[in-house]
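Listing of protein.cif; format and content: mmCIF, C-alpha atoms and all ligand atoms.
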```cif
data_input
loop_
_atom_site.label_atom_id
_atom_site.label_comp_id
_atom_site.auth_asym_id
_atom_site.auth_seq_id
_atom_site.Cartn_x
_atom_site.Cartn_y
_atom_site.Cartn_z
CA LYS A 862 -13.11 -26.72 8.64
CA GLY A 863 -12.17 -23.15 7.89
CA LEU A 864 -13.36 -20.22 5.88
CA HIS A 865 -14.58 -19.70 2.34
CA VAL A 866 -12.30 -16.97 0.97
CA ALA A 867 -12.61 -15.24 -2.41
CA VAL A 868 -9.89 -13.29 -4.20
CA VAL A 869 -11.23 -10.89 -6.84
CA GLY A 870 -8.58 -9.89 -9.37
CA ALA A 871 -6.81 -13.21 -8.80
CA THR A 872 -4.54 -12.96 -11.86
CA GLY A 873 -3.32 -9.40 -11.23
CA ALA A 874 0.00 -8.42 -9.64
CA VAL A 875 -1.60 -7.86 -6.21
CA GLY A 876 -4.07 -10.77 -6.52
CA GLN A 877 -1.18 -13.17 -7.09
CA GLN A 878 0.60 -11.84 -4.01
CA MET A 879 -2.63 -12.20 -2.00
CA ILE A 880 -2.89 -15.88 -2.92
CA GLN A 881 0.76 -16.49 -2.05
CA THR A 882 0.40 -14.60 1.23
CA LEU A 883 -2.71 -16.61 2.22
CA GLU A 884 -0.68 -19.77 1.58
CA LYS A 885 2.44 -18.57 3.43
CA ARG A 886 0.40 -17.47 6.47
CA ASN A 887 -1.50 -20.77 6.45
CA PHE A 888 -4.74 -18.79 6.61
CA PRO A 889 -7.56 -21.17 7.69
CA ILE A 890 -9.19 -21.73 4.31
CA ALA A 891 -11.74 -24.46 3.61
CA LYS A 892 -12.50 -23.17 0.10
CA LEU A 893 -10.74 -20.60 -2.09
CA SER A 894 -12.66 -18.97 -4.96
CA LEU A 895 -10.46 -17.19 -7.49
CA LEU A 896 -12.37 -14.58 -9.47
CA SER A 897 -11.53 -12.21 -12.30
CA SER A 898 -12.81 -10.45 -15.38
CA GLU A 899 -13.88 -12.50 -18.38
CA ARG A 900 -10.48 -11.86 -19.99
CA SER A 901 -8.54 -13.84 -17.36
CA ALA A 902 -11.19 -16.44 -16.50
CA GLY A 903 -10.20 -20.03 -17.24
CA LYS A 904 -6.57 -19.53 -16.17
CA LYS A 905 -5.32 -21.95 -13.53
CA VAL A 906 -3.56 -20.88 -10.35
CA VAL A 907 -1.78 -23.21 -7.94
CA PHE A 908 -2.71 -22.89 -4.24
CA LYS A 909 -1.19 -25.32 -1.70
CA GLY A 910 -0.19 -27.66 -4.49
CA GLU A 911 -3.65 -27.75 -6.11
CA GLU A 912 -4.75 -26.09 -9.34
CA ILE A 913 -7.74 -23.79 -9.02
CA GLU A 914 -9.50 -22.45 -12.12
CA VAL A 915 -10.20 -18.72 -12.17
CA GLN A 916 -13.94 -17.97 -12.60
CA VAL A 917 -15.69 -14.86 -13.89
CA ALA A 918 -16.65 -12.65 -10.93
CA LYS A 919 -20.41 -12.13 -10.66
CA PRO A 920 -22.81 -11.41 -7.78
CA GLU A 921 -23.62 -15.11 -7.24
CA SER A 922 -19.90 -15.93 -6.89
CA PHE A 923 -20.11 -14.63 -3.30
CA GLU A 924 -22.75 -17.09 -2.00
CA GLY A 925 -21.30 -18.65 1.17
CA VAL A 926 -18.11 -16.54 1.09
CA HIS A 927 -16.89 -15.38 4.53
CA ILE A 928 -14.09 -13.01 3.41
CA ALA A 929 -13.60 -11.47 -0.06
CA LEU A 930 -10.31 -9.76 -0.90
CA PHE A 931 -10.82 -7.33 -3.80
CA SER A 932 -8.03 -5.98 -6.01
CA ALA A 933 -9.47 -5.70 -9.50
CA GLY A 934 -9.88 -1.93 -9.86
CA GLY A 935 -12.29 0.58 -8.41
CA SER A 936 -15.18 0.00 -10.81
CA VAL A 937 -15.26 -3.77 -10.10
CA SER A 938 -15.27 -3.04 -6.35
CA LYS A 939 -18.04 -0.47 -6.66
CA GLN A 940 -20.16 -2.94 -8.58
CA LEU A 941 -19.45 -6.22 -6.79
CA ALA A 942 -18.41 -5.38 -3.19
CA PRO A 943 -22.00 -4.46 -2.18
CA GLU A 944 -23.20 -7.70 -3.82
CA ALA A 945 -20.69 -9.69 -1.74
CA VAL A 946 -21.79 -7.90 1.45
CA LYS A 947 -25.46 -8.56 0.61
CA ARG A 948 -24.59 -12.26 0.58
CA GLY A 949 -22.93 -12.13 4.01
CA ALA A 950 -19.26 -11.70 3.08
CA VAL A 951 -16.89 -9.21 4.70
CA VAL A 952 -15.00 -7.38 1.95
CA VAL A 953 -11.42 -6.15 2.26
CA ASP A 954 -11.09 -3.76 -0.66
CA ASN A 955 -7.68 -2.78 -2.01
CA THR A 956 -8.96 -0.05 -4.36
CA SER A 957 -9.65 3.62 -3.70
CA ALA A 958 -13.41 3.11 -4.26
CA PHE A 959 -14.54 3.30 -0.61
CA ARG A 960 -11.49 4.61 1.26
CA MET A 961 -12.85 8.04 2.09
CA ASP A 962 -16.43 6.82 2.73
CA GLU A 963 -17.22 7.69 6.35
CA ASN A 964 -19.05 4.38 6.81
CA VAL A 965 -15.98 2.42 5.78
CA PRO A 966 -12.99 1.94 8.09
CA LEU A 967 -9.59 2.44 6.43
CA VAL A 968 -7.25 0.10 8.26
CA VAL A 969 -3.57 -0.55 8.85
CA PRO A 970 -3.58 -3.10 11.69
CA GLU A 971 -0.46 -1.71 13.43
CA VAL A 972 -2.16 1.71 13.60
CA ASN A 973 -5.96 1.43 13.88
CA GLU A 974 -7.00 -2.22 14.16
CA ALA A 975 -9.83 -1.15 16.53
CA ASP A 976 -11.60 0.62 13.64
CA LEU A 977 -12.51 -2.86 12.34
CA HIS A 978 -15.17 -3.03 15.08
CA TRP A 979 -17.41 -0.47 13.33
CA HIS A 980 -17.26 -1.96 9.82
CA ASN A 981 -20.48 -2.34 7.84
CA GLY A 982 -19.31 -5.14 5.57
CA ILE A 983 -16.58 -3.28 3.67
CA ILE A 984 -13.10 -2.50 5.01
CA ALA A 985 -10.77 -0.43 2.85
CA ASN A 986 -7.08 -1.19 2.44
CA PRO A 987 -5.16 2.10 2.04
CA ASN A 988 -2.88 3.16 -0.80
CA CYS A 989 0.55 1.51 -0.67
CA SER A 990 2.56 4.68 -0.16
CA THR A 991 0.26 5.73 2.72
CA ILE A 992 0.47 2.38 4.54
CA GLN A 993 4.25 2.24 4.91
CA MET A 994 4.38 5.86 6.09
CA VAL A 995 1.74 5.53 8.83
CA VAL A 996 3.29 2.31 10.17
CA ALA A 997 6.47 4.30 10.87
CA LEU A 998 4.74 7.49 12.06
CA GLU A 999 2.15 6.04 14.48
CA PRO A 1000 4.65 5.04 17.21
CA ILE A 1001 6.17 8.52 16.96
CA ARG A 1002 2.72 10.14 17.23
CA GLN A 1003 1.92 8.04 20.29
CA ALA A 1004 5.17 8.88 22.07
CA PHE A 1005 5.83 12.50 21.09
CA GLY A 1006 2.79 13.86 19.21
CA LEU A 1007 2.79 14.76 15.52
CA LYS A 1008 2.16 18.18 13.96
CA ARG A 1009 3.33 18.08 10.39
CA VAL A 1010 4.44 15.65 7.66
CA ILE A 1011 6.14 16.51 4.35
CA VAL A 1012 6.84 13.48 2.16
CA SER A 1013 8.51 12.96 -1.21
CA THR A 1014 8.13 9.49 -2.69
CA TYR A 1015 10.26 7.37 -5.02
CA GLN A 1016 7.72 4.82 -6.25
CA ALA A 1017 8.22 1.55 -8.10
CA VAL A 1018 6.56 0.85 -11.46
CA SER A 1019 4.75 -2.24 -10.09
CA GLY A 1020 2.45 0.24 -8.29
CA ALA A 1021 1.06 1.08 -11.72
CA GLY A 1022 0.46 -2.59 -12.60
CA ALA A 1023 1.95 -5.37 -14.65
CA GLN A 1024 1.88 -3.37 -17.93
CA ALA A 1025 4.05 -0.66 -16.39
CA VAL A 1026 6.58 -3.29 -15.27
CA GLU A 1027 6.74 -4.58 -18.84
CA GLU A 1028 7.08 -1.04 -20.16
CA LEU A 1029 10.13 -0.39 -17.97
CA LYS A 1030 11.76 -3.68 -19.01
CA THR A 1031 11.33 -3.21 -22.75
CA GLN A 1032 12.17 0.51 -22.68
CA ALA A 1033 15.38 -0.11 -20.75
CA ALA A 1034 16.45 -2.79 -23.23
CA HIS A 1035 15.62 -0.61 -26.24
CA MET A 1036 17.36 2.46 -24.85
CA LEU A 1037 20.52 0.48 -24.07
CA ASN A 1038 20.49 -0.61 -27.72
CA GLY A 1039 20.15 3.02 -28.82
CA GLU A 1040 16.64 2.35 -30.18
CA GLU A 1041 13.65 4.73 -30.08
CA VAL A 1042 10.95 4.10 -27.49
CA THR A 1043 7.22 4.88 -27.61
CA PRO A 1044 5.87 5.24 -24.06
CA GLU A 1045 2.22 4.15 -23.77
CA ILE A 1046 1.52 3.40 -20.11
CA LEU A 1047 3.31 5.76 -17.70
CA PRO A 1048 2.75 8.08 -15.99
CA VAL A 1049 -1.00 7.39 -16.33
CA LYS A 1050 -2.37 5.10 -19.04
CA SER A 1051 -5.58 7.09 -19.53
CA ASP A 1052 -3.91 10.54 -19.48
CA ARG A 1053 -3.05 12.43 -22.70
CA LYS A 1054 0.76 12.31 -22.59
CA HIS A 1055 3.19 9.50 -21.87
CA TYR A 1056 6.87 9.72 -20.97
CA PRO A 1057 9.72 7.19 -20.80
CA ILE A 1058 10.28 5.73 -17.33
CA ALA A 1059 13.62 4.01 -18.11
CA PHE A 1060 16.51 6.21 -16.93
CA ASN A 1061 13.98 8.86 -15.86
CA ALA A 1062 11.98 10.18 -12.87
CA ILE A 1063 8.37 11.24 -13.46
CA PRO A 1064 6.78 13.65 -10.94
CA GLN A 1065 3.25 12.50 -11.72
CA ILE A 1066 1.44 9.50 -10.21
CA ASP A 1067 -2.25 9.38 -11.11
CA LYS A 1068 -4.12 12.38 -12.52
CA PHE A 1069 -3.77 16.04 -11.54
CA GLN A 1070 -6.47 17.52 -9.32
CA ASP A 1071 -7.71 21.12 -9.44
CA ASN A 1072 -5.42 22.12 -6.53
CA GLY A 1073 -2.24 21.17 -8.45
CA PHE A 1074 -1.62 17.99 -6.43
CA THR A 1075 -2.00 14.59 -8.10
CA PHE A 1076 -4.59 12.06 -6.93
CA GLU A 1077 -1.79 9.89 -5.46
CA GLU A 1078 -0.58 12.89 -3.44
CA MET A 1079 -4.13 13.63 -2.22
CA LYS A 1080 -4.57 9.97 -1.28
CA MET A 1081 -1.47 10.17 0.92
CA ILE A 1082 -2.74 13.39 2.50
CA ASN A 1083 -6.38 12.38 3.14
CA GLU A 1084 -5.79 8.73 4.01
CA THR A 1085 -3.06 9.57 6.55
CA LYS A 1086 -5.44 11.91 8.40
CA LYS A 1087 -8.24 9.31 8.41
CA ILE A 1088 -6.11 6.34 9.53
CA MET A 1089 -4.37 8.31 12.29
CA HIS A 1090 -7.64 10.01 13.36
CA MET A 1091 -5.97 13.40 12.91
CA PRO A 1092 -8.05 15.61 10.60
CA GLU A 1093 -5.95 18.58 11.73
CA LEU A 1094 -2.57 17.00 10.80
CA GLU A 1095 -0.63 19.10 8.27
CA VAL A 1096 0.43 16.76 5.44
CA ALA A 1097 2.01 17.54 2.07
CA ALA A 1098 3.18 15.04 -0.54
CA THR A 1099 5.13 14.99 -3.81
CA CYS A 1100 4.86 11.59 -5.52
CA VAL A 1101 7.46 10.54 -8.08
CA ARG A 1102 7.74 7.38 -10.22
CA ILE A 1103 11.26 6.00 -10.61
CA PRO A 1104 12.63 3.06 -12.63
CA VAL A 1105 12.51 0.53 -9.77
CA MET A 1106 10.49 -2.69 -10.17
CA VAL A 1107 9.23 -3.27 -6.62
CA GLY A 1108 9.46 -1.26 -3.38
CA HIS A 1109 8.35 2.30 -2.69
CA SER A 1110 10.80 4.64 -0.90
CA GLU A 1111 9.90 7.83 0.94
CA SER A 1112 11.87 10.77 2.24
CA VAL A 1113 9.74 12.02 5.13
CA TYR A 1114 10.15 15.23 7.16
CA ILE A 1115 8.11 15.42 10.36
CA GLU A 1116 7.54 17.92 13.12
CA ILE A 1117 6.59 16.48 16.49
CA GLU A 1118 4.84 18.18 19.45
CA GLN A 1119 7.39 17.42 22.19
CA GLU A 1120 10.57 19.50 22.43
CA GLY A 1121 14.04 18.18 23.24
CA VAL A 1122 13.61 14.73 21.67
CA THR A 1123 16.78 13.20 20.15
CA ALA A 1124 17.23 11.13 16.98
CA GLU A 1125 18.45 8.30 19.25
CA GLN A 1126 15.08 8.33 21.06
CA LEU A 1127 13.28 8.02 17.73
CA LYS A 1128 15.54 5.12 16.75
CA SER A 1129 14.93 3.26 20.05
CA LEU A 1130 11.21 3.74 19.61
CA LEU A 1131 11.15 2.46 16.02
CA LYS A 1132 13.38 -0.50 16.89
CA GLU A 1133 10.54 -1.86 19.04
CA ALA A 1134 7.63 -0.72 16.83
CA PRO A 1135 5.31 -3.38 15.35
CA GLY A 1136 5.86 -4.07 11.66
CA VAL A 1137 8.99 -1.89 11.55
CA VAL A 1138 12.61 -2.94 11.00
CA LEU A 1139 15.15 -0.26 11.89
CA GLN A 1140 18.07 -0.18 9.45
CA ASP A 1141 20.05 2.84 10.53
CA ASP A 1142 23.81 2.84 10.99
CA PRO A 1143 25.78 5.37 8.92
CA SER A 1144 29.08 3.90 10.16
CA GLU A 1145 28.13 0.64 8.41
CA GLN A 1146 26.37 2.37 5.47
CA LEU A 1147 23.19 0.65 6.71
CA TYR A 1148 19.92 2.08 5.38
CA PRO A 1149 16.80 0.68 3.70
CA MET A 1150 16.70 0.13 -0.08
CA PRO A 1151 13.82 -1.15 -2.24
CA LEU A 1152 15.85 -3.96 -3.82
CA PHE A 1153 16.35 -5.52 -0.38
CA ALA A 1154 12.80 -4.83 0.87
CA THR A 1155 11.30 -6.82 -2.03
CA GLY A 1156 9.53 -9.96 -0.82
CA GLN A 1157 9.48 -8.81 2.83
CA ASN A 1158 6.36 -7.91 4.82
CA ASP A 1159 8.05 -5.27 7.01
CA VAL A 1160 8.43 -1.52 6.76
CA PHE A 1161 12.13 -0.56 6.82
CA VAL A 1162 13.18 2.75 8.36
CA GLY A 1163 16.56 4.48 8.43
CA ARG A 1164 18.49 7.74 7.85
CA ILE A 1165 16.85 9.16 10.99
CA ARG A 1166 18.24 12.65 11.64
CA LYS A 1167 17.27 15.65 13.69
CA ASP A 1168 16.62 18.71 11.53
CA LEU A 1169 19.50 21.21 11.62
CA HIS A 1170 17.19 24.21 12.11
CA ARG A 1171 14.22 23.00 14.13
CA ASP A 1172 14.34 21.16 17.47
CA THR A 1173 11.04 19.38 16.73
CA GLY A 1174 11.93 18.49 13.10
CA PHE A 1175 13.19 15.04 11.99
CA HIS A 1176 14.03 13.36 8.67
CA LEU A 1177 13.36 9.66 7.94
CA TRP A 1178 13.74 7.29 4.98
CA ILE A 1179 10.96 4.69 4.78
CA VAL A 1180 10.96 1.72 2.36
CA SER A 1181 8.56 -1.20 1.89
CA ASP A 1182 7.41 -3.75 -0.70
CA ASN A 1183 4.43 -1.95 -2.27
CA LEU A 1184 2.79 -5.23 -3.33
CA LEU A 1185 3.06 -6.79 0.16
CA LYS A 1186 2.68 -4.38 3.11
CA GLY A 1187 1.40 -1.86 0.58
CA ALA A 1188 -1.34 -4.19 -0.67
CA ALA A 1189 -1.56 -7.99 -0.35
CA TRP A 1190 -0.02 -8.44 3.11
CA ASN A 1191 -1.99 -5.55 4.64
CA SER A 1192 -5.21 -7.07 3.22
CA VAL A 1193 -4.44 -10.55 4.58
CA GLN A 1194 -3.36 -8.97 7.87
CA ILE A 1195 -6.79 -7.26 8.08
CA ALA A 1196 -8.41 -10.67 7.47
CA GLU A 1197 -6.28 -12.16 10.28
CA SER A 1198 -7.35 -9.30 12.59
CA LEU A 1199 -11.03 -9.92 11.73
CA LEU A 1200 -10.61 -13.54 12.86
CA LYS A 1201 -8.64 -12.60 15.97
CA LEU A 1202 -11.30 -10.07 17.03
CA GLY A 1203 -14.12 -12.55 16.39
CA LEU A 1204 -15.59 -10.30 13.68
CA VAL A 1205 -15.64 -13.18 11.18
CA LYS A 1206 -16.41 -16.74 12.20
CA ALA A 1207 -16.26 -19.96 10.19
C1 LIG B 1301 1.09 3.55 -7.39
N1 LIG B 1301 0.21 3.85 -5.16
O1 LIG B 1301 2.19 3.27 -6.92
C2 LIG B 1301 -0.14 3.52 -6.51
C3 LIG B 1301 -0.78 2.19 -6.65
O2 LIG B 1301 -4.89 3.42 -4.78
O3 LIG B 1301 -4.35 1.37 -4.42
C4 LIG B 1301 -1.91 1.91 -5.70
C5 LIG B 1301 -3.19 2.54 -6.13
C6 LIG B 1301 -4.21 2.43 -5.04
O4 LIG B 1301 0.90 3.86 -8.55
#
```
Let's see the structure in the file written out as structure tokens.
Amino acid sequence: KGLHVAVVGATGAVGQQMIQTLEKRNFPIAKLSLLSSERSAGKKVVFKGEEIEVQVAKPESFEGVHIALFSAGGSVSKQLAPEAVKRGAVVVDNTSAFRMDENVPLVVPEVNEADLHWHNGIIANPNCSTIQMVVALEPIRQAFGLKRVIVSTYQAVSGAGAQAVEELKTQAAHMLNGEEVTPEILPVKSDRKHYPIAFNAIPQIDKFQDNGFTFEEMKMINETKKIMHMPELEVAATCVRIPVMVGHSESVYIEIEQEGVTAEQLKSLLKEAPGVVLQDDPSEQLYPMPLFATGQNDVFVGRIRKDLHRDTGFHLWIVSDNLLKGAAWNSVQIAESLLKLGLVKA
């Protein structure tokens, strides 16, 4: 009894976290298919004490699959997600391939779970840096209205994949030994120039767009508007890669609609908000940090202050594990919501 679940990109950083999260949550699985590119096929992955061999992902792999979690890159999703849907599966896609498609809901369960009702087979999982921000902002929007968001990010190398994690490790070791380094992966593997990430901060995540923003920045801007159903929301983002392994951090400035709101009111609200852990006590030097968010499903919020110049302005610091709430956990959470709402049945 249970569901046939497939994980596409099973050997990647996010795929591995998806498998572990399915196990931890005791997701009702009757059969788990682990799929990947030809390069990783044949590897064995342990799930609930049993070894499962990773198979090459092809259209026929999705026969009988109820839910397919995709995290193998946009081109794989574009090619195989429609094939999975054709065979009756519901796809939760963790790439940017379908996020802005108006026939595809873009879902963070704490914010817009109801959008799952109008899915057409594919549900998109947002970008990691967007997810953690909207989880913290939605309760504020509901209570006090939201006019404007200006965010600067401090993003971990694991967001750029396993090769970027390796690059940081080896570069740091070489630089401490006074040796030369040859950056090859960051900021963007396929871009022309590469810079060291060890002991550095790189203000480029993904490629530059014609408007001067990077694609990561535009994802944060466009996805936030779509998830919160606020096309008119003013959002600006500056995305920066820092030498942290796991956990994205964000300095967020917001302007709300309602006047006269205090920082204490925002804190009380976020203390009760779903998926949020408030860590905010300057007298105890309590604030969120990526090292301590690693391995946790929650979004941690602290440093909440009223702006010194604007009554409706507030500053927040938002931290979360980019591989969990930013990717694997949000995808599994969407799958749990699909079951809860009766949108997928065994
Ligand atoms: C990063 N946010 O940290 C990116 C990774 O669209 O799902 C996630 C890319 C995506 O580099």
inquiry  = I'd like the interatomic distance between CA of Gln993 (chain A) and CA of Ala1188 (chain A), to a tenth of an Å.
reply    =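 CA of Ala1188 (chain A) lies at a distance of 10.2 Å from CA of Gln993 (chain A).
Taking all atoms listed in the file into account, ligand LIG 1301 (chain B) lies nearest to A:Pro1048 out of the set A:Gly1073, A:Pro1048, A:Pro943, A:Gly873.
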ask   = Could you work out how far CA of Phe908 (chain A) lies from CA of Phe931 (chain A), giving the answer in Å with one decimal?
value =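 About the pair CA of Phe931 (chain A) and CA of Phe908 (chain A): they are 17.6 Å apart.
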key: For Thr1173 (chain A), the nearest of the candidates A:Val1160, A:Leu1185, A:Leu1139, A:Val1010, counting all atoms listed in the file   =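 Nearest candidate to Thr1173 (chain A) out of A:Val1160, A:Leu1185, A:Leu1139, A:Val1010: A:Val1010.
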request  = Grab me every residue within 10 Å of ligand LIG 1301 (chain B), counting all atoms listed in the file, and send it over as a PyMOL selection string.
outcome  = chain A and resi 875+932+934-935+954-958+960+985-992+1014-1022+1025+1047-1049+1065-1067+1076-1078+1080-1081+1100-1102+1107-1109+1183-1184+1187-1188
task = Give me, please, the distance in Å between CA of Leu895 (chain A) and CA of Val869 (chain A), quoted to one decimal.
result =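 It comes out at 6.4 Å.
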message = I'd like the contact shell of region 883-891 of chain A - 8 Å cut-off, all atoms listed in the file, skipping same-chain residues fewer than 3 positions apart - returned as a ChimeraX atom specification.
response = /A:862-866,879-880,908-909,1193,1197
Resulting file, chosen residues, C-alpha atoms, as a PDB file, in the frame of the given file:
```
ATOM      1  CA  LYS A 862     -13.110 -26.720   8.640  1.00  0.00           C
ATOM      2  CA  GLY A 863     -12.170 -23.150   7.890  1.00  0.00           C
ATOM      3  CA  LEU A 864     -13.360 -20.220   5.880  1.00  0.00           C
ATOM      4  CA  HIS A 865     -14.580 -19.700   2.340  1.00  0.00           C
ATOM      5  CA  VAL A 866     -12.300 -16.970   0.970  1.00  0.00           C
ATOM      6  CA  MET A 879      -2.630 -12.200  -2.000  1.00  0.00           C
ATOM      7  CA  ILE A 880      -2.890 -15.880  -2.920  1.00  0.00           C
ATOM      8  CA  PHE A 908      -2.710 -22.890  -4.240  1.00  0.00           C
ATOM      9  CA  LYS A 909      -1.190 -25.320  -1.700  1.00  0.00           C
ATOM     10  CA  VAL A1193      -4.440 -10.550   4.580  1.00  0.00           C
ATOM     11  CA  GLU A1197      -6.280 -12.160  10.280  1.00  0.00           C
TER      12      GLU A1197
END
```
Nearest to Glu1084 (chain A), chosen from A:Met994, A:Ala1023, A:Leu1199, A:Leu1169, with only C-alpha atoms counted in the distances =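 That would be A:Met994, the residue with the smallest distance to Glu1084 (chain A).
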task = Between A:Met961, A:Val937, A:Ala1189, A:Val1180, single out the one closest to Ser1110 (chain A), counting only C-alpha atoms.
result = A:Val1180
key: For Gly1163 (chain A), the nearest of the candidates A:Val951, A:Leu1147, A:Ala945, A:Met1079, counting only C-alpha atoms   =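 With only C-alpha atoms as the atom set, the closest residue is A:Leu1147.
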request  = Extract, using only C-alpha atoms, all DNA, RNA and protein residues at most 10 Å from Pro920 (chain A), discarding same-chain residues fewer than 5 positions from it, and format them as a PyMOL selection string.
outcome  = chain A and resi 940-948
inquiry  = Using all atoms listed in the file for the distances, tell me which of A:Gly1006, A:Asn1038, A:Ser936, A:His1055 is nearest to Val1122 (chain A).
reply    = A:Gly1006
Find the residues with any atom within 8 Å of (6.4, 17.2, 19.8); use only C-alpha atoms and the coordinates as given in the file, and write the answer as a short mmCIF file (atom, residue, chain, number, x, y, z; two decimals) with C-alpha atoms, in the frame of the given file.
```cif
data_model
loop_
_atom_site.label_atom_id
_atom_site.label_comp_id
_atom_site.auth_asym_id
_atom_site.auth_seq_id
_atom_site.Cartn_x
_atom_site.Cartn_y
_atom_site.Cartn_z
CA PHE A 1005 5.83 12.50 21.09
CA GLY A 1006 2.79 13.86 19.21
CA LEU A 1007 2.79 14.76 15.52
CA LYS A 1008 2.16 18.18 13.96
CA GLU A 1116 7.54 17.92 13.12
CA ILE A 1117 6.59 16.48 16.49
CA GLU A 1118 4.84 18.18 19.45
CA GLN A 1119 7.39 17.42 22.19
CA GLU A 1120 10.57 19.50 22.43
CA VAL A 1122 13.61 14.73 21.67
CA THR A 1173 11.04 19.38 16.73
#
```
Can you list, as an mmCIF file with C-alpha atoms, keeping the file's coordinate frame, every protein, DNA or RNA residue that comes within 12 Å of Leu1177 (chain A) when you count only C-alpha atoms, leaving out same-chain residues fewer than 6 positions away?
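Output below, filename part_20.cif:
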```cif
data_model
loop_
_atom_site.group_PDB
_atom_site.id
_atom_site.type_symbol
_atom_site.label_atom_id
_atom_site.label_comp_id
_atom_site.auth_asym_id
_atom_site.auth_seq_id
_atom_site.Cartn_x
_atom_site.Cartn_y
_atom_site.Cartn_z
ATOM 1 C CA MET A 994 4.380 5.860 6.090
ATOM 2 C CA ALA A 997 6.470 4.300 10.870
ATOM 3 C CA LEU A 998 4.740 7.490 12.060
ATOM 4 C CA ILE A 1001 6.170 8.520 16.960
ATOM 5 C CA VAL A 1010 4.440 15.650 7.660
ATOM 6 C CA ILE A 1011 6.140 16.510 4.350
ATOM 7 C CA VAL A 1012 6.840 13.480 2.160
ATOM 8 C CA SER A 1013 8.510 12.960 -1.210
ATOM 9 C CA THR A 1014 8.130 9.490 -2.690
ATOM 10 C CA SER A 1110 10.800 4.640 -0.900
ATOM 11 C CA GLU A 1111 9.900 7.830 0.940
ATOM 12 C CA SER A 1112 11.870 10.770 2.240
ATOM 13 C CA VAL A 1113 9.740 12.020 5.130
ATOM 14 C CA TYR A 1114 10.150 15.230 7.160
ATOM 15 C CA ILE A 1115 8.110 15.420 10.360
ATOM 16 C CA GLU A 1116 7.540 17.920 13.120
ATOM 17 C CA ALA A 1124 17.230 11.130 16.980
ATOM 18 C CA LEU A 1127 13.280 8.020 17.730
ATOM 19 C CA LYS A 1128 15.540 5.120 16.750
ATOM 20 C CA LEU A 1131 11.150 2.460 16.020
ATOM 21 C CA LEU A 1139 15.150 -0.260 11.890
ATOM 22 C CA GLN A 1140 18.070 -0.180 9.450
ATOM 23 C CA ASP A 1141 20.050 2.840 10.530
ATOM 24 C CA TYR A 1148 19.920 2.080 5.380
ATOM 25 C CA PRO A 1149 16.800 0.680 3.700
ATOM 26 C CA PHE A 1161 12.130 -0.560 6.820
ATOM 27 C CA VAL A 1162 13.180 2.750 8.360
ATOM 28 C CA GLY A 1163 16.560 4.480 8.430
ATOM 29 C CA ARG A 1164 18.490 7.740 7.850
ATOM 30 C CA ILE A 1165 16.850 9.160 10.990
ATOM 31 C CA ARG A 1166 18.240 12.650 11.640
ATOM 32 C CA LYS A 1167 17.270 15.650 13.690
ATOM 33 C CA ASP A 1168 16.620 18.710 11.530
#
```
key: Shell of 9 Å around region 1032-1036 of chain A, only C-alpha atoms, local chain residues under 6 positions omitted, as JSON, numbers by chain   = {"A": [1042, 1043, 1044, 1057, 1058, 1059, 1060]}
Region 1023-1028 of chain A: axis-aligned bounding box, 6 Å on each side, centre and edge lengths in Å, one decimal, as AutoDock Vina command-line options:
```
--center_x 4.5 --center_y -3.0 --center_z -17.4 --size_x 17.2 --size_y 16.7 --size_z 17.5
```
